[in-house]
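See structure below.
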Amino acid sequence: MDTRYLQSFVTVTESGSFAQAARRLDLTPTAVAARIKALEETLGLSLIKRAGRSVRPTEAGVRILERARALLRDARDLAALAEDGATYGELRLGVFVSAMTSVLPPVLKRVYDRHPSLSVFVMPGSSIELCRGVEAGDLDAAIVVEPQYAMGKAVRWQGIMDEPLVVVAPAAMEKRDAHELLRTQPFIRYDRSVLGGQLADRYLRDHGIVPHQRLEMDSLLGVAALVDQGLGVALLPDWSSLWSSRYALTRIPLPGRAPVRRVGLVWQARGARRALADSFLEQARAVFGPGAPRAGQAAD
């Protein structure tokens, strides 16, 4: 049996559509459908059924899903062990989108300094999706925003860095009061469907601040670009990429203790790549732990 067909079946089941699965597998929807059909013919079972515009597993598909995931994990571990000179094999790492340019590069630099022959597969996605991928064994580890639910016993979480909420404003407003800006300036809201946006919304409500909302979007860099154009102010996690030279912005701390978005690593505690996940966590702490320079500051 071709494990690629199993991977296509698992991905279609998780995605709920051939189109989404095709994007994740870098294939055409027709190719994914052909793989599923070939697997069904091999097993003599119907595995996928359509439900409107989406697809879902049949009863037979549900019965074999977990076993298919286990077989894929076993095949990947076997291939890693067979690689000449490979100490760890391939690390399958999930990374939430805004960490792709801020957290991942400096940590990978240190990891590759210590393991130059390491192979890494990086999968971007939302923190919730990536946590589920680690729990299912599809990913060895993931850089995510702290999960807001209890995870399985086989999975571990450890924080890497804290990002307190700050008011992000055009550079010309540097000396202004944070609450005064939130009350009087047009407000560009970070999407409330993600944790950073939820923290901001809760803070505003707790302090009785009703901003003059101009728009809402799920993109930290997108919000920063709009603030740079003078279209308003925002309440965002103190994310390092906001302070690049391309934007003329200022960071205004909130009075008192600000809510914090925690970023960290979730990994398979008993997985074949546990040692490598531990090494990744160690290097992340070296980059972002206490004493590391903050965004916009130079290292000693």
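Labels for the structure tokens follow display order: chains A, B, ..., residues from 1 in each chain, ligands from 1.
Within the 8 Å cut-off around A:Ala178, using only C-alpha atoms and omitting residues fewer than 6 positions from it on the same chain, the listed residues are Val167, Ile252, Pro253, Leu254 and Pro255 of chain A.
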What's around A:His179 at 12 Å? Count only C-alpha atoms, leave out sequence neighbours fewer than 3 positions away in its own chain, and write the answer as a list in words.
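Once the adjacent positions are removed, what remains is Val166, Val167, Val168, Ala169, Arg176, Leu182, Arg183, Thr184, Gln185, Phe187, Tyr203, Leu204, His207, Gly208, Ile209, Val210, Pro211, Val233, Ala234, Leu235, Ile252, Pro253, Leu254, Pro255 and Gly256 of chain A.
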Please save N, CA and C atoms of the selected residues as a CSV table (one decimal), in the first residue's frame.
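Listed below is the output, again34.csv:
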```
chain,number,residue,atom,x,y,z
A,166,VAL,N,0.3,46.3,23.8
A,166,VAL,CA,0.7,47.7,23.8
A,166,VAL,C,-0.1,48.5,22.8
A,167,VAL,N,-0.2,49.8,23.0
A,167,VAL,CA,-0.9,50.6,22.0
A,167,VAL,C,0.2,50.9,20.9
A,168,VAL,N,-0.2,50.6,19.6
A,168,VAL,CA,0.7,50.9,18.5
A,168,VAL,C,0.1,52.1,17.7
A,169,ALA,N,0.9,53.1,17.6
A,169,ALA,CA,0.4,54.4,17.1
A,169,ALA,C,1.5,54.9,16.1
A,176,ARG,N,1.9,60.5,23.7
A,176,ARG,CA,0.5,60.5,24.1
A,176,ARG,C,0.2,59.4,25.1
A,182,LEU,N,-6.7,55.4,22.7
A,182,LEU,CA,-7.7,54.4,22.4
A,182,LEU,C,-9.1,55.0,22.5
A,183,ARG,N,-9.3,56.0,23.2
A,183,ARG,CA,-10.7,56.6,23.3
A,183,ARG,C,-10.9,57.6,22.2
A,184,THR,N,-9.9,58.3,21.7
A,184,THR,CA,-10.1,59.4,20.8
A,184,THR,C,-9.7,59.2,19.3
A,185,GLN,N,-8.8,58.2,19.1
A,185,GLN,CA,-8.3,58.0,17.7
A,185,GLN,C,-9.1,56.9,17.0
A,187,PHE,N,-9.8,53.5,15.5
A,187,PHE,CA,-9.3,52.2,16.1
A,187,PHE,C,-9.2,51.1,15.0
A,203,TYR,N,-9.6,43.7,27.4
A,203,TYR,CA,-9.0,44.9,28.1
A,203,TYR,C,-9.8,46.1,27.9
A,204,LEU,N,-10.2,46.4,26.7
A,204,LEU,CA,-11.0,47.5,26.5
A,204,LEU,C,-12.3,47.5,27.3
A,207,HIS,N,-11.8,48.2,31.0
A,207,HIS,CA,-11.5,49.6,31.4
A,207,HIS,C,-12.5,50.6,30.8
A,208,GLY,N,-13.6,50.1,30.4
A,208,GLY,CA,-14.7,51.0,29.9
A,208,GLY,C,-14.3,51.8,28.7
A,209,ILE,N,-13.5,51.3,27.9
A,209,ILE,CA,-13.0,52.1,26.7
A,209,ILE,C,-13.8,51.6,25.5
A,210,VAL,N,-14.6,52.5,24.9
A,210,VAL,CA,-15.3,52.2,23.6
A,210,VAL,C,-14.6,52.9,22.5
A,211,PRO,N,-13.8,52.2,21.7
A,211,PRO,CA,-13.0,52.8,20.7
A,211,PRO,C,-13.9,53.1,19.4
A,233,VAL,N,-5.1,53.9,15.5
A,233,VAL,CA,-4.2,53.3,16.4
A,233,VAL,C,-4.7,51.8,16.6
A,234,ALA,N,-3.9,51.0,17.3
A,234,ALA,CA,-4.3,49.6,17.5
A,234,ALA,C,-3.8,49.2,18.9
A,235,LEU,N,-4.4,48.1,19.4
A,235,LEU,CA,-4.0,47.5,20.6
A,235,LEU,C,-3.5,46.1,20.3
A,252,ILE,N,3.4,52.3,22.9
A,252,ILE,CA,3.0,53.0,24.1
A,252,ILE,C,2.5,52.0,25.1
A,253,PRO,N,3.2,51.8,26.2
A,253,PRO,CA,2.8,50.8,27.2
A,253,PRO,C,1.5,51.2,27.8
A,254,LEU,N,0.7,50.1,28.2
A,254,LEU,CA,-0.5,50.3,28.9
A,254,LEU,C,-0.2,50.6,30.4
A,255,PRO,N,-1.0,51.4,31.1
A,255,PRO,CA,-0.8,51.7,32.5
A,255,PRO,C,-1.1,50.4,33.3
A,256,GLY,N,-0.3,50.2,34.3
A,256,GLY,CA,-0.5,49.0,35.1
A,256,GLY,C,0.0,47.7,34.4
```
Go through A:Ala34, A:Ile128, A:Val10, A:Val287 one by one, measure the shortest atom-to-atom distance of each to A:Pro106 using only C-alpha atoms, and give the residue with the smallest value.
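With only C-alpha atoms as the atom set, the closest residue is A:Val287.
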Would you list the contacts of A:Leu45 as JSON, numbers by chain, taking every protein, DNA or RNA residue within 12 Å and counting only C-alpha atoms, but skipping same-chain residues closer than 4 positions in sequence?
{"A": [36, 37, 38, 39, 40, 41, 49, 57, 58, 59, 60, 61, 62, 63, 64]}
Write out as number ranges by chain all residues of stretch 122-290 of chain A that DSSP puts in helix (DSSP H, G or I) for this structure's backbone.
A: 127-136, 171-173, 178-184, 195-206, 220-228, 240-243, 274-288
Nearest residue to A:Asp191 from the set A:Ser8, A:Ser15, A:Gln213, A:Ser46 (distances using only C-alpha atoms)
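Of A:Ser8, A:Ser15, A:Gln213, A:Ser46, the one nearest A:Asp191, counting only C-alpha atoms, is A:Gln213.
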A:Arg132, A:Arg4, A:Arg56, A:Arg35 ranked by distance to A:Ala68, top pick (using only C-alpha atoms):
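Looking at the shortest contact to A:Ala68, the residue is A:Arg4.
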If we count only C-alpha atoms and set the cut-off at 9 Å, which residues sit around stretch 19-32 of chain A, ignoring sequence neighbours fewer than 5 positions away in its own chain? Please answer as an MDAnalysis selection string.
chainID A and resid 5 7:9 11:14 37 123
